[in-house]
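Asker: Quick one: the structure is below, questions incoming.
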Amino acid sequence: MPRLLLLLVPVLAVAGAGIGVVTRHSDPPPVVETPEASPSPTAPAFVVVDVVGAVARPGVVRLPTGSRVLDALLAAGGMTGDADLFAVNKAALLRDGMRIYVPKPGEAPPAGSAGTPAETKVDVNRASEAELVALPGVGPSTASRILRSRQQRPFARVEELQTRGLVTARVYADIKDLVTTR
C-alpha cells in the first residue's frame with residue numbers, strides 16, 4: 001500500500017498542476033473599456049486658428065477642440081528666437097476663428113489678436129454655444145442656460161455665472177479665469 005501511495009502522489013501532483021493551469025488560463029480577464037472623452041454633439045471636433053508673428057511657420061492651423069495656445073504655436077513650428085516669450089498666454093484655451101499673434105519684445109499685438117491673456121478669454125455675453133461648450137465642465141445644457149440667461153439680462157460680472165445658478169462652484173472655479181464680460 002505505501003508503494004501505491006508513493007506512485008499516486010506524483011500522479012496527483014501532476015493532475016493538480018494541470019487543473020491549476022486550466023483554471024488560470026481558461027478565460028481571459030474581462031476588459032474594462034473607458035469611453036474616450038469626445039466633444040459634445042453641438043461642439044465642433046476641431047478649431048481653426050490663425051498663428052502669426054514671431055513663429056517659424058505662420059498660418060492657419062486646425063487642432064482638436066480643447067487645444068491650448070501652446071498646441072497652436074507648436075503646430076506653427078514654434079516661436080522664433082526673436083519672440084517675446086512672455087507676451088502670449090500659452091495655457092489659454094483656443095476658440096475657433098481666433099488669431100494668435102506672437103510679438104517681438106516691445107511690440108504690441110494688433111487689435112483682435114490673442115496676444116495677451118485677457119484677449120484669449122471667452123466673452124460670456126457674446127460667445128456662441130460651441131464656444132461655451134468648449135469651456136471645461138460646460139456641456140450643451142449649461143451653455144443653453146447661459147445663453148437664455150444673458151438674453152434676459154447681460155452679465156455684468158463673471159461671478160454671475162454662479163450667483164444665477166448657471167454653473168456649480170467647481171465649474172466656476174475651473175472657468176472663472178477663462179471667461180470675461182467685456
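If you're wondering about the labels, chains in the C-alpha cells are A, B, ... by order shown, residues count from 1 in each chain, ligands from 1 in order shown.
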Determine, counting only C-alpha atoms, which protein, DNA and RNA residues have an atom within 8 Å of an atom of Val158 (chain A); residues of the same chain fewer than 3 positions away are not included. Present the result as a list of chain:residue names.

Answerer: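 Here the answer would be A:Phe155, A:Leu161, A:Lys176, A:Val179, A:Thr180, A:Thr181.
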
Asker: Fewer than 4 positions away in the same chain doesn't count, so skip those; otherwise give me all residues within 7 Å of Val52 (chain A), counting only C-alpha atoms, as a ChimeraX atom specification.

Answerer: /A:58-59,100-102

Asker: Take the residues that were just selected and, keeping C-alpha atoms, output them as a short mmCIF file (atom, residue, chain, number, x, y, z; two decimals), in the first residue's frame.

Answerer:
data_model
loop_
_atom_site.label_atom_id
_atom_site.label_comp_id
_atom_site.auth_asym_id
_atom_site.auth_seq_id
_atom_site.Cartn_x
_atom_site.Cartn_y
_atom_site.Cartn_z
CA PRO A 58 2.87 81.50 -39.71
CA GLY A 59 -0.51 80.42 -40.99
CA ILE A 100 -2.74 84.25 -32.09
CA TYR A 101 -0.13 86.92 -32.55
CA VAL A 102 3.36 86.34 -31.15
#

Asker: By how many Å are CA of Asp177 (chain A) and CA of Lys121 (chain A) apart?

Answerer: 7.7 Å

Asker: Which residue out of A:Ala134, A:Arg126, A:Thr168, A:Gly139 has the minimum interatomic distance to Gln151 (chain A) when only C-alpha atoms are used?

Answerer: A:Arg126

Asker: Would you mind listing what lies within 7 Å of Arg68 (chain A) as a ChimeraX atom specification, with only C-alpha atoms counted and same-chain residues fewer than 6 positions away left out?

Answerer: /A:90-94

Asker: So, counting only C-alpha atoms, which residue among A:Ala56, A:Leu132, A:Leu73, A:Val138 is closest to Ala173 (chain A)?

Answerer: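 Checking each of A:Ala56, A:Leu132, A:Leu73, A:Val138 against Ala173 (chain A), counting only C-alpha atoms, the winner is A:Val138.
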
Asker: Within region 70-164 of chain A, find each residue whose DSSP state, derived from the backbone, is strand (DSSP E or B), and express the selection as an mmCIF file with N, CA and C atoms, in the first residue's frame.

Answerer:
data_model
loop_
_atom_site.group_PDB
_atom_site.id
_atom_site.type_symbol
_atom_site.label_atom_id
_atom_site.label_comp_id
_atom_site.auth_asym_id
_atom_site.auth_seq_id
_atom_site.Cartn_x
_atom_site.Cartn_y
_atom_site.Cartn_z
ATOM 1 N N MET A 79 7.910 79.187 -31.582
ATOM 2 C CA MET A 79 8.275 80.606 -31.599
ATOM 3 C C MET A 79 9.696 80.758 -32.124
ATOM 4 N N LEU A 93 -7.120 78.385 -23.569
ATOM 5 C CA LEU A 93 -7.879 77.522 -24.479
ATOM 6 C C LEU A 93 -8.093 78.228 -25.808
ATOM 7 N N ARG A 99 -7.181 84.479 -33.605
ATOM 8 C CA ARG A 99 -5.855 84.812 -34.152
ATOM 9 C C ARG A 99 -4.895 84.915 -32.988
ATOM 10 N N ILE A 100 -3.792 84.210 -33.103
ATOM 11 C CA ILE A 100 -2.743 84.247 -32.086
ATOM 12 C C ILE A 100 -1.570 84.996 -32.679
ATOM 13 N N TYR A 101 -1.240 86.118 -32.069
ATOM 14 C CA TYR A 101 -0.131 86.921 -32.550
ATOM 15 C C TYR A 101 1.008 86.838 -31.549
ATOM 16 N N VAL A 102 2.177 86.421 -32.007
ATOM 17 C CA VAL A 102 3.359 86.343 -31.153
ATOM 18 C C VAL A 102 4.237 87.548 -31.477
ATOM 19 N N VAL A 122 -13.128 83.941 -23.158
ATOM 20 C CA VAL A 122 -14.424 83.812 -23.817
ATOM 21 C C VAL A 122 -15.365 84.843 -23.202
ATOM 22 N N ASP A 123 -15.937 85.700 -24.039
ATOM 23 C CA ASP A 123 -16.887 86.699 -23.575
ATOM 24 C C ASP A 123 -18.252 86.033 -23.434
#

Asker: In Å, with one decimal, what is the gap from CA of Val49 (chain A) to CA of Leu74 (chain A)?

Answerer: 12.6 Å

Asker: For Thr65 (chain A), work out the shell of residues within 7 Å, counting only C-alpha atoms and skipping chain neighbours fewer than 6 positions away, then give it as an NGL selection string.

Answerer: :A and (44-47 or 134)

Asker: With distances taken over only C-alpha atoms, which of A:Asp84, A:Val48, A:Thr142, A:Asn125 is nearest to Lys104 (chain A)?

Answerer: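 Among the listed residues, the smallest separation from Lys104 (chain A) belongs to A:Asp84.
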